[in-house]
$ cat start_16.txt   # compact mmCIF, C-alpha atoms and all ligand atoms
# COMPACT_ATOMS: atom_id res chain seq x y z
CA MET A 9 -24.96 -8.10 127.28
CA GLY A 10 -23.32 -5.87 129.84
CA THR A 11 -24.84 -4.07 132.79
CA ALA A 12 -26.97 -1.13 131.70
CA VAL A 13 -26.48 1.88 133.96
CA LEU A 14 -28.51 5.05 134.45
CA VAL A 15 -26.66 7.99 136.02
CA LEU A 16 -28.97 10.71 137.38
CA GLY A 17 -27.86 14.33 137.07
CA SER A 18 -26.56 16.74 134.49
CA GLY A 19 -23.17 18.04 135.57
CA GLY A 20 -19.50 17.34 135.08
CA ARG A 21 -19.64 14.92 138.00
CA GLU A 22 -22.23 12.78 136.24
CA HIS A 23 -20.31 12.89 132.95
CA ALA A 24 -17.17 11.73 134.79
CA LEU A 25 -19.02 8.91 136.60
CA ALA A 26 -20.51 7.71 133.31
CA TRP A 27 -17.13 7.99 131.58
CA SER A 28 -15.52 5.73 134.17
CA ILE A 29 -18.42 3.27 134.26
CA ALA A 30 -18.44 2.96 130.47
CA GLN A 31 -14.78 1.88 130.47
CA SER A 32 -15.68 -1.48 132.01
CA PRO A 33 -15.91 -4.53 129.76
CA GLN A 34 -18.92 -5.40 131.96
CA ALA A 35 -20.74 -2.19 131.04
CA GLY A 36 -23.70 -2.14 128.69
CA LYS A 37 -25.37 1.13 127.76
CA VAL A 38 -24.58 4.00 130.11
CA TRP A 39 -27.14 6.82 130.10
CA VAL A 40 -27.05 10.13 131.91
CA VAL A 41 -30.47 11.70 132.59
CA PRO A 42 -31.28 14.57 132.15
CA GLY A 43 -27.64 14.77 131.03
CA ASN A 44 -25.94 17.47 128.98
CA GLY A 45 -24.34 18.09 125.61
CA GLY A 46 -21.54 15.62 126.24
CA THR A 47 -23.43 12.67 127.64
CA HIS A 48 -25.46 9.86 126.16
CA SER A 49 -28.88 11.17 127.10
CA PRO A 50 -32.15 10.24 125.37
CA ALA A 51 -34.00 13.44 124.39
CA GLN A 52 -37.33 12.26 125.79
CA TYR A 53 -35.91 12.47 129.34
CA ALA A 54 -34.38 15.94 128.98
CA ARG A 55 -37.00 17.37 131.35
CA LEU A 56 -37.25 14.47 133.76
CA ASN A 57 -37.54 15.48 137.42
CA ILE A 58 -34.84 13.33 139.00
CA SER A 59 -36.30 13.80 142.50
CA ASP A 60 -39.59 12.22 141.40
CA ALA A 61 -39.31 8.52 142.19
CA GLN A 62 -42.14 7.49 139.86
CA GLU A 63 -40.67 9.35 136.89
CA VAL A 64 -37.20 7.96 137.58
CA ALA A 65 -38.47 4.39 138.05
CA ARG A 66 -40.37 4.60 134.77
CA CYS A 67 -37.31 5.96 132.97
CA ALA A 68 -35.07 3.22 134.44
CA ARG A 69 -37.54 0.53 133.33
CA GLU A 70 -38.00 1.96 129.85
CA LEU A 71 -34.24 2.10 129.38
CA GLY A 72 -33.73 -1.34 130.90
CA ALA A 73 -31.23 0.04 133.43
CA GLN A 74 -29.95 -2.51 135.94
CA LEU A 75 -28.22 0.01 138.16
CA VAL A 76 -29.12 3.63 138.93
CA VAL A 77 -26.34 5.90 140.20
CA VAL A 78 -27.61 9.10 141.83
CA GLY A 79 -25.29 12.08 141.25
CA PRO A 80 -26.62 15.08 143.27
CA GLU A 81 -27.97 15.42 146.81
CA ALA A 82 -31.51 16.65 146.21
CA PRO A 83 -32.98 13.34 144.99
CA LEU A 84 -31.16 11.51 147.80
CA ALA A 85 -32.66 13.84 150.41
CA ALA A 86 -36.04 13.28 148.78
CA GLY A 87 -35.71 9.52 149.29
CA ILE A 88 -35.19 8.40 145.70
CA VAL A 89 -33.07 5.40 146.70
CA ASP A 90 -35.67 3.95 149.10
CA ALA A 91 -38.33 4.35 146.44
CA LEU A 92 -36.26 2.71 143.68
CA GLU A 93 -35.08 -0.16 145.87
CA ALA A 94 -38.69 -0.78 147.00
CA GLN A 95 -39.52 -1.32 143.34
CA GLY A 96 -36.63 -3.73 142.86
CA ILE A 97 -34.38 -1.24 141.06
CA ALA A 98 -30.78 -1.31 142.31
CA ALA A 99 -29.59 2.17 143.25
CA ILE A 100 -26.33 3.69 144.45
CA GLY A 101 -26.79 6.31 147.17
CA PRO A 102 -28.03 6.43 150.76
CA GLY A 103 -31.66 6.15 151.76
CA LYS A 104 -33.55 9.22 152.95
CA GLN A 105 -32.58 8.83 156.62
CA ALA A 106 -28.83 8.69 156.04
CA ALA A 107 -29.10 11.48 153.43
CA GLN A 108 -29.89 13.74 156.42
CA LEU A 109 -26.12 13.72 157.04
CA GLU A 110 -25.95 16.23 154.21
CA ALA A 111 -29.47 17.66 154.29
CA SER A 112 -29.22 18.74 157.95
CA LYS A 113 -26.01 20.10 159.42
CA ALA A 114 -27.40 19.76 162.96
CA PHE A 115 -28.15 16.09 162.26
CA ALA A 116 -24.59 15.59 160.95
CA LYS A 117 -23.06 17.31 163.98
CA ALA A 118 -25.12 15.16 166.34
CA PHE A 119 -23.92 12.06 164.49
CA MET A 120 -20.27 13.17 164.78
CA HIS A 121 -20.76 13.87 168.46
CA LYS A 122 -22.42 10.50 169.09
CA TYR A 123 -19.61 8.56 167.37
CA GLN A 124 -16.79 10.76 168.70
CA ILE A 125 -15.67 11.93 165.30
CA PRO A 126 -13.43 15.01 165.59
CA THR A 127 -15.24 18.18 164.52
CA ALA A 128 -15.51 21.84 165.49
CA ARG A 129 -17.25 22.66 168.79
CA TYR A 130 -20.83 23.73 168.03
CA ARG A 131 -24.37 24.47 169.12
CA ASP A 132 -27.56 24.75 167.12
CA PHE A 133 -30.30 27.36 167.47
CA THR A 134 -33.85 28.12 166.37
CA ALA A 135 -35.60 31.52 166.14
CA ASP A 136 -36.55 31.59 169.84
CA GLN A 137 -32.87 31.20 170.84
CA LEU A 138 -31.31 34.25 169.17
CA GLY A 139 -29.93 35.55 172.49
CA GLU A 140 -28.33 32.20 173.29
CA GLY A 141 -26.82 32.20 169.80
CA TYR A 142 -25.32 35.65 170.39
CA ALA A 143 -23.88 34.44 173.72
CA PHE A 144 -22.29 31.43 172.04
CA ILE A 145 -20.77 33.68 169.35
CA ASP A 146 -19.25 35.78 172.16
CA GLU A 147 -17.95 32.63 173.82
CA LEU A 148 -16.13 31.85 170.55
CA ASN A 149 -14.75 35.43 170.51
CA GLY A 150 -16.55 36.00 167.23
CA ARG A 151 -14.45 33.38 165.46
CA ALA A 152 -17.59 31.57 164.43
CA VAL A 153 -18.92 29.79 161.37
CA VAL A 154 -22.68 30.24 160.96
CA LYS A 155 -24.41 27.53 158.94
CA ALA A 156 -27.99 27.22 157.77
CA ASP A 157 -29.09 23.73 158.77
CA GLY A 158 -30.64 22.69 155.47
CA LEU A 159 -29.58 22.43 151.85
CA ALA A 160 -28.66 25.89 150.51
CA ALA A 161 -26.68 25.01 147.39
CA GLY A 162 -23.37 25.62 149.15
CA LYS A 163 -24.30 29.23 150.02
CA GLY A 164 -25.60 28.80 153.55
CA VAL A 165 -22.24 29.04 155.35
CA VAL A 166 -20.80 32.33 156.66
CA VAL A 167 -17.26 32.25 158.05
CA CYS A 168 -16.62 35.06 160.56
CA THR A 169 -13.68 36.31 162.59
CA GLU A 170 -15.61 38.98 164.48
CA ALA A 171 -18.78 38.89 166.54
CA GLU A 172 -20.87 41.48 164.67
CA PRO A 173 -20.89 39.82 161.24
CA ALA A 174 -21.55 36.47 162.92
CA ARG A 175 -24.51 37.93 164.85
CA GLN A 176 -25.80 39.48 161.66
CA ALA A 177 -25.55 36.18 159.77
CA LEU A 178 -27.36 34.37 162.58
CA ARG A 179 -30.06 37.05 162.70
CA GLU A 180 -30.57 37.00 158.93
CA MET A 181 -30.95 33.25 158.86
CA LEU A 182 -33.15 32.83 161.93
CA MET A 183 -35.27 36.01 161.85
CA GLU A 184 -35.18 37.27 158.26
CA HIS A 185 -35.50 33.88 156.56
CA ARG A 186 -32.48 34.45 154.35
CA PHE A 187 -32.40 30.78 153.36
CA GLN A 188 -36.10 30.13 153.90
CA GLN A 189 -36.72 26.83 155.68
CA ALA A 190 -33.06 25.79 155.33
CA GLY A 191 -32.23 28.53 157.86
CA ALA A 192 -34.98 27.81 160.39
CA ARG A 193 -32.32 26.03 162.40
CA VAL A 194 -28.73 27.29 162.42
CA VAL A 195 -25.50 25.62 163.49
CA VAL A 196 -22.86 27.91 164.99
CA GLU A 197 -19.41 26.37 165.33
CA GLU A 198 -15.88 27.44 166.10
CA LEU A 199 -13.72 28.56 163.22
CA LEU A 200 -10.98 26.01 162.58
CA PRO A 201 -7.77 27.41 161.09
CA GLY A 202 -6.10 25.00 158.71
CA ILE A 203 -6.03 23.52 155.25
CA GLU A 204 -8.93 21.72 153.60
CA MET A 205 -9.09 18.45 151.73
CA SER A 206 -11.73 15.85 150.99
CA VAL A 207 -11.85 12.08 151.19
CA PHE A 208 -14.37 9.88 149.44
CA VAL A 209 -15.54 6.52 150.65
CA LEU A 210 -17.73 4.08 148.79
CA THR A 211 -19.63 2.12 151.42
CA ASP A 212 -21.95 -0.88 151.29
CA GLY A 213 -23.33 0.05 154.70
CA LYS A 214 -20.71 -1.96 156.58
CA HIS A 215 -17.42 -1.75 154.79
CA GLY A 216 -15.74 1.13 153.05
CA LEU A 217 -13.55 1.54 150.03
CA LEU A 218 -11.38 4.65 150.12
CA LEU A 219 -11.20 6.45 146.77
CA PRO A 220 -8.38 8.87 145.90
CA GLU A 221 -8.50 12.06 147.98
CA ALA A 222 -8.85 15.51 146.41
CA LYS A 223 -8.83 19.21 147.10
CA ASP A 224 -11.21 21.62 145.46
CA TYR A 225 -11.15 25.35 144.84
CA LYS A 226 -14.48 26.84 145.89
CA ARG A 227 -13.98 30.56 145.34
CA ILE A 228 -14.56 32.22 141.99
CA GLY A 229 -11.40 34.34 141.99
CA GLU A 230 -7.67 33.77 141.72
CA GLY A 231 -5.98 33.23 145.07
CA ASP A 232 -9.21 31.98 146.67
CA THR A 233 -11.01 35.33 146.57
CA GLY A 234 -14.60 36.35 145.86
CA PRO A 235 -17.82 34.44 146.38
CA ASN A 236 -18.15 30.69 146.78
CA THR A 237 -19.10 28.62 143.76
CA GLY A 238 -19.91 24.96 143.23
CA GLY A 239 -16.17 24.50 142.66
CA MET A 240 -13.73 25.95 140.11
CA GLY A 241 -11.14 23.18 140.02
CA SER A 242 -9.66 20.21 141.82
CA VAL A 243 -6.46 18.25 142.25
CA SER A 244 -5.71 14.67 143.26
CA PRO A 245 -3.63 13.42 144.98
CA VAL A 246 -3.25 16.08 147.66
CA PRO A 247 0.51 16.35 148.29
CA PHE A 248 0.17 17.18 151.99
CA ALA A 249 -1.95 14.04 152.53
CA THR A 250 0.99 11.99 153.75
CA PRO A 251 0.56 8.29 154.61
CA GLU A 252 0.67 9.33 158.26
CA LEU A 253 -2.17 11.84 157.82
CA MET A 254 -4.19 9.36 155.74
CA GLN A 255 -3.80 6.81 158.50
CA LYS A 256 -5.13 9.27 161.06
CA ILE A 257 -8.05 10.09 158.77
CA GLN A 258 -8.77 6.40 158.35
CA ALA A 259 -8.61 5.62 162.08
CA ARG A 260 -10.25 8.74 163.54
CA VAL A 261 -12.72 9.72 160.86
CA VAL A 262 -13.47 7.03 158.28
CA ALA A 263 -13.65 4.02 160.63
CA PRO A 264 -15.96 5.65 163.23
CA THR A 265 -18.11 7.12 160.45
CA LEU A 266 -18.62 3.69 158.92
CA SER A 267 -19.31 2.02 162.24
CA GLY A 268 -21.73 4.83 163.06
CA LEU A 269 -23.61 4.25 159.81
CA ALA A 270 -23.77 0.52 160.53
CA ALA A 271 -24.84 1.06 164.15
CA GLU A 272 -27.70 3.33 163.05
CA GLY A 273 -28.84 0.59 160.68
CA TRP A 274 -29.47 3.00 157.82
CA HIS A 275 -29.62 1.86 154.23
CA TYR A 276 -26.40 3.17 152.71
CA LYS A 277 -24.86 1.83 149.55
CA GLY A 278 -23.14 4.81 148.09
CA PHE A 279 -20.58 7.55 148.42
CA VAL A 280 -19.63 9.42 151.58
CA PHE A 281 -17.77 12.62 150.80
CA ILE A 282 -16.03 13.89 153.91
CA GLY A 283 -14.92 17.52 153.95
CA LEU A 284 -11.97 17.88 156.31
CA MET A 285 -10.00 20.70 157.88
CA ILE A 286 -6.46 19.68 158.78
CA VAL A 287 -5.40 21.64 161.87
CA ASP A 288 -1.77 21.16 162.89
CA GLY A 289 -1.74 17.74 161.26
CA GLU A 290 -5.02 16.63 162.89
CA PRO A 291 -8.16 15.94 160.82
CA TYR A 292 -11.52 17.52 161.74
CA VAL A 293 -14.75 16.91 159.85
CA LEU A 294 -16.33 20.08 158.43
CA GLU A 295 -19.18 18.33 156.68
CA TYR A 296 -20.54 15.15 155.20
CA ASN A 297 -21.94 14.99 151.73
CA VAL A 298 -23.78 11.85 150.71
CA ARG A 299 -22.63 11.95 147.09
CA MET A 300 -19.47 12.67 145.15
CA GLY A 301 -18.19 16.24 144.70
CA ASP A 302 -18.14 18.30 141.55
CA PRO A 303 -15.40 18.96 140.30
CA GLU A 304 -13.60 16.53 142.65
CA THR A 305 -15.15 13.53 140.84
CA GLN A 306 -13.48 14.49 137.56
CA SER A 307 -10.01 14.30 139.17
CA VAL A 308 -10.86 11.21 141.22
CA MET A 309 -12.26 9.25 138.25
CA ALA A 310 -9.20 10.17 136.16
CA ARG A 311 -7.02 8.51 138.79
CA LEU A 312 -8.82 5.17 138.89
CA ASP A 313 -6.89 2.42 137.17
CA GLU A 314 -10.08 0.46 136.68
CA SER A 315 -13.65 1.31 135.86
CA LEU A 316 -15.89 2.46 138.71
CA LEU A 317 -18.50 -0.09 137.62
CA GLU A 318 -16.99 -3.12 139.37
CA PRO A 319 -16.71 -1.41 142.76
CA LEU A 320 -20.28 -0.13 142.36
CA LEU A 321 -21.62 -3.63 141.63
CA VAL A 322 -19.62 -5.15 144.49
CA CYS A 323 -20.87 -2.34 146.75
CA HIS A 324 -24.48 -2.99 145.85
CA ALA A 325 -23.98 -6.70 146.52
CA GLY A 326 -22.74 -5.76 150.02
CA LYS A 327 -19.35 -7.34 149.42
CA LEU A 328 -16.89 -4.47 149.57
CA ALA A 329 -14.85 -6.08 152.39
CA GLY A 330 -11.37 -6.75 151.08
CA TYR A 331 -11.93 -5.04 147.72
CA SER A 332 -8.71 -3.48 146.60
CA LEU A 333 -9.00 -0.54 144.25
CA ARG A 334 -6.38 0.08 141.57
CA VAL A 335 -5.34 3.72 141.54
CA LYS A 336 -2.95 5.54 139.20
CA PRO A 337 -0.02 7.28 140.85
CA GLN A 338 -0.23 10.23 138.45
CA THR A 339 -1.60 13.65 139.35
CA ALA A 340 -4.95 14.80 138.04
CA VAL A 341 -5.72 18.51 137.72
CA THR A 342 -9.21 19.68 136.79
CA VAL A 343 -9.97 23.23 135.67
CA VAL A 344 -13.60 24.35 135.44
CA LEU A 345 -14.60 26.62 132.56
CA ALA A 346 -17.39 28.91 133.68
CA SER A 347 -19.57 31.58 132.09
CA GLN A 348 -18.59 35.20 132.82
CA GLY A 349 -20.65 36.41 135.76
CA TYR A 350 -21.01 33.01 137.46
CA PRO A 351 -21.93 32.40 140.31
CA ASP A 352 -24.40 35.31 139.84
CA ASN A 353 -25.87 36.23 136.46
CA TYR A 354 -24.37 34.90 133.27
CA ALA A 355 -25.27 34.40 129.64
CA VAL A 356 -26.08 31.02 128.09
CA GLY A 357 -26.54 29.86 124.51
CA GLU A 358 -23.00 30.71 123.36
CA PRO A 359 -21.53 28.37 120.71
CA VAL A 360 -18.70 26.25 122.18
CA SER A 361 -15.80 24.94 120.08
CA GLY A 362 -12.20 23.83 120.32
CA LEU A 363 -12.90 20.54 122.08
CA ASP A 364 -11.63 18.44 119.18
CA VAL A 365 -8.05 19.68 119.46
CA LEU A 366 -7.31 19.26 123.16
CA PRO A 367 -3.83 17.99 124.13
CA ALA A 368 -3.34 14.24 124.60
CA GLY A 369 -3.91 13.20 128.19
CA VAL A 370 -6.76 15.69 128.69
CA VAL A 371 -10.42 14.75 129.02
CA ALA A 372 -13.19 17.33 128.68
CA PHE A 373 -16.20 16.67 130.90
CA HIS A 374 -19.35 18.53 130.03
CA ALA A 375 -21.44 20.38 132.61
CA GLY A 376 -23.62 23.28 131.41
CA THR A 377 -23.69 22.40 127.73
CA ARG A 378 -26.38 21.28 125.33
CA SER A 379 -26.38 20.13 121.80
CA GLN A 380 -28.72 21.77 119.28
CA GLU A 381 -28.78 20.54 115.71
CA GLY A 382 -25.19 19.38 115.96
CA GLN A 383 -23.96 22.64 117.54
CA LEU A 384 -22.66 22.64 121.10
CA LEU A 385 -24.00 25.55 123.17
CA SER A 386 -23.29 26.78 126.68
CA ALA A 387 -26.23 26.18 129.01
CA GLY A 388 -25.05 26.88 132.55
CA GLY A 389 -22.71 28.67 134.91
CA ARG A 390 -20.15 25.91 134.87
CA VAL A 391 -19.83 24.88 131.23
CA LEU A 392 -17.04 22.30 131.10
CA ALA A 393 -14.27 20.81 133.20
CA VAL A 394 -10.97 19.82 131.61
CA THR A 395 -8.97 17.16 133.44
CA ALA A 396 -5.31 16.44 132.77
CA LEU A 397 -3.41 13.45 134.10
CA ASP A 398 0.38 13.31 134.18
CA ALA A 399 3.20 11.78 136.21
CA ASP A 400 4.64 15.26 136.62
CA PRO A 401 2.22 17.38 138.66
CA ARG A 402 3.50 20.57 137.07
CA ARG A 403 2.86 19.19 133.61
CA ALA A 404 -0.64 18.09 134.62
CA ARG A 405 -1.27 21.69 135.68
CA ASP A 406 0.13 23.11 132.46
CA LEU A 407 -1.85 20.68 130.32
CA ALA A 408 -5.12 21.48 132.07
CA ARG A 409 -4.46 25.21 131.69
CA GLN A 410 -3.51 24.80 128.05
CA ALA A 411 -6.71 22.85 127.38
CA ALA A 412 -8.75 25.53 129.18
CA GLU A 413 -7.17 28.15 126.87
CA GLN A 414 -8.05 26.16 123.78
CA VAL A 415 -11.77 25.87 124.41
CA ILE A 416 -13.62 28.74 122.73
CA TYR A 417 -16.85 30.49 123.69
CA THR A 418 -17.86 34.06 124.43
CA GLY A 419 -17.53 34.93 128.11
CA LYS A 420 -15.26 32.01 129.04
CA TYR A 421 -13.80 32.34 132.53
CA PHE A 422 -11.49 30.01 134.43
CA ARG A 423 -9.03 30.22 137.29
CA GLN A 424 -5.40 30.21 136.20
CA ASP A 425 -4.15 29.18 139.63
CA ILE A 426 -5.74 25.76 140.17
CA GLY A 427 -3.13 23.60 141.88
CA ARG A 428 -0.62 26.40 142.27
CA ASP A 429 -0.76 26.28 146.05
CA VAL A 430 -0.21 22.57 146.40
CA LEU A 431 1.82 21.62 143.32
CA ALA A 432 5.33 22.93 142.92
CA ASP A 433 5.73 25.73 140.36
P1 LIG B 1 -19.48 23.30 154.75
O1 LIG B 1 -20.59 23.42 153.72
O2 LIG B 1 -19.94 23.01 156.12
O3 LIG B 1 -18.34 22.44 154.31
O4 LIG B 1 -18.82 24.75 154.74
C1 LIG B 1 -18.41 25.36 153.53
C2 LIG B 1 -17.04 25.94 153.67
O5 LIG B 1 -16.97 26.80 154.81
C3 LIG B 1 -15.96 24.89 153.95
O6 LIG B 1 -15.49 24.30 152.79
C4 LIG B 1 -14.91 25.73 154.65
O7 LIG B 1 -14.14 26.44 153.72
C5 LIG B 1 -15.72 26.70 155.46
N1 LIG B 1 -15.94 26.19 156.82
C6 LIG B 1 -16.97 25.43 157.27
N2 LIG B 1 -16.86 25.15 158.57
C7 LIG B 1 -15.71 25.72 158.98
C8 LIG B 1 -15.01 25.78 160.23
N3 LIG B 1 -15.50 25.24 161.34
N4 LIG B 1 -13.85 26.47 160.27
C9 LIG B 1 -13.35 27.07 159.18
N5 LIG B 1 -13.95 27.04 157.98
C10 LIG B 1 -15.12 26.38 157.87
N1 LIG B 2 -17.16 20.78 145.07
C1 LIG B 2 -17.93 20.73 146.24
C2 LIG B 2 -19.14 19.92 146.17
O1 LIG B 2 -19.41 19.22 145.22
O2 LIG B 2 -19.90 19.96 147.13
$ encode --input "start_16.txt" --output "structure tokens"
Amino acid sequence: MGTAVLVLGSGGREHALAWSIAQSPQAGKVWVVPGNGGTHSPAQYARLNISDAQEVARCARELGAQLVVVGPEAPLAAGIVDALEAQGIAAIGPGKQAAQLEASKAFAKAFMHKYQIPTARYRDFTADQLGEGYAFIDELNGRAVVKADGLAAGKGVVVCTEAEPARQALREMLMEHRFQQAGARVVVEELLPGIEMSVFVLTDGKHGLLLPEAKDYKRIGEGDTGPNTGGMGSVSPVPFATPELMQKIQARVVAPTLSGLAAEGWHYKGFVFIGLMIVDGEPYVLEYNVRMGDPETQSVMARLDESLLEPLLVCHAGKLAGYSLRVKPQTAVTVVLASQGYPDNYAVGEPVSGLDVLPAGVVAFHAGTRSQEGQLLSAGGRVLAVTALDADPRRARDLARQAAEQVIYTGKYFRQDIGRDVLAD
């Protein structure tokens, strides 16, 4: 009997985590709850509230799960891991305190400051400090990034190059409650010019295991235009992440982050997702997330040359020191298939087909899909993610694009240019 695993969430990230975990000879049943049309998800938990510790604990017990892996941030911020661990259920993810690294940007900035982790210069403000906020924006010559402190589903960040829009963003958040409570405190920081990438660390609270790095494509439109989304594609490895840059990231960002976590004494057995801006070859932290990224996970899991289950079990046992992860040298390219209109209004319930004829070397991860009487239907803004892996980065790109073409549903939209900027044409 292998280890039974319960993955919490319903997106492409959770499908990819479950896919990797299930590849282990040590794996037993792998469930995803609430799950989607592509995951192994018992129907009776389709409406389970994954932020409700009692509901999740009951589900884990009924399924006989020996390990719970938490996909998204909301249950982590709600303290799901503390609650599960208190009931003797092993869980991957940080406790509530450390989850503040994602749930509060001011908290994260204070942590970076305390442990001398390079990041943009900043200050944070509440409603009674609007004037001071304006003055700080002027000090930055208007080149300011205005961030709602709390969780705002990736929408609470406004990047400005002039003072007036920055003032307006600050005013809307602080005075007009644009992001409700999430905007009651606002971080204003200097705009860093550079190129973004993300690193992922699995930590047992003391030691860290670096997973393959990735780059995602947040904007809806070709050429990085239009509104931000949850992510429209990803690539791994990131060609500009040279060994020299990775060494700097390890020494200046990853090591102090891990020693900071240990020094604070927080419970943290889970993923740290570090969003970086590389400015003239130097890494700066833009943000911490306390979970994996979506769709970065799809590319990262495709590059593992072993199942994620072993590292997760070793992590939970607190024995990650010296663990060496096997990674494939090939390039993974992930293209997200969305519903027309996403990230605003879009239709759902469209029949989805074409998944049975995808090219070899491509995996389709489900996100907003559901299965109804044997028919696959769209059920969300991001419907699927197709991930191609190939030794030739260009071919990986072509394969992912080809697969994206082959999937059929009304209102399909995807970006044709995923990877174009970083992989040779
Ligand atoms: P965050 O949620 O803090 O990562 O911000 C979302 C996005 O805003 C990032 O992925 C960047 O594209 C952009 N961003 C955030 N902070 C900065 C900064 N200081 N300078 C430039 N761009 C930023
Ligand atoms: N793709 C960005 C995120 O998951 O936050």
$ closest_residue --input "start_16.txt" --among "A:Val341, A:Met300, A:Ala26, A:Ala412" --to "A:Ile426" --atoms "only C-alpha atoms"
A:Val341
$ residues_near_ligand --input "start_16.txt" --ligand "ligand LIG 1 (chain B)" --cutoff "7 Å" --atoms "only C-alpha atoms and all ligand atoms" --output "list in words"
Ala128, Val153, Lys155, Gly162, Val165, Val166, Val167, Glu197, Glu198, Leu199, Leu200, Pro201, Gly283, Leu294 and Glu295 of chain A
$ residues_near_ligand --input "start_16.txt" --ligand "ligand LIG 2 (chain B)" --cutoff "6 Å" --atoms "only C-alpha atoms and all ligand atoms" --output "list in words"
Gly238, Gly239, Gly301, Asp302 and Pro303 of chain A
$ atom_distance --input "start_16.txt" --atom1 "atom CA of A:Leu366" --atom2 "atom CA of A:Ala222"
23.6 Å
$ residues_near_point --input "start_16.txt" --point "(-19.5, 27.9, 148.6)" --cutoff "6 Å" --atoms "all atoms listed in the file" --output "list of chain:residue names"
A:Gly162, A:Lys163, A:Lys226, A:Asn236, A:Thr237
$ closest_atom_pairs --input "start_16.txt" --of "stretch 27-67 of chain A" --to "stretch 319-339 of chain A" --cutoff "12 Å" --atoms "all atoms listed in the file" --output "JSON lines"
{"residue": "A:Ser28", "atom": "CA", "partner": "A:Leu320", "partner_atom": "CA", "distance": 11.1}
{"residue": "A:Ile29", "atom": "CA", "partner": "A:Leu320", "partner_atom": "CA", "distance": 9.0}
{"residue": "A:Ser32", "atom": "CA", "partner": "A:Pro319", "partner_atom": "CA", "distance": 10.8}
{"residue": "A:Gln34", "atom": "CA", "partner": "A:Leu321", "partner_atom": "CA", "distance": 10.2}
{"residue": "A:Ala35", "atom": "CA", "partner": "A:Leu321", "partner_atom": "CA", "distance": 10.7}
$ atom_distance --input "start_16.txt" --atom1 "atom CA of A:Leu219" --atom2 "atom CA of A:Ala310"
11.4 Å
$ atom_distance --input "start_16.txt" --atom1 "atom CA of A:Arg175" --atom2 "atom CA of A:Gly229"
26.6 Å
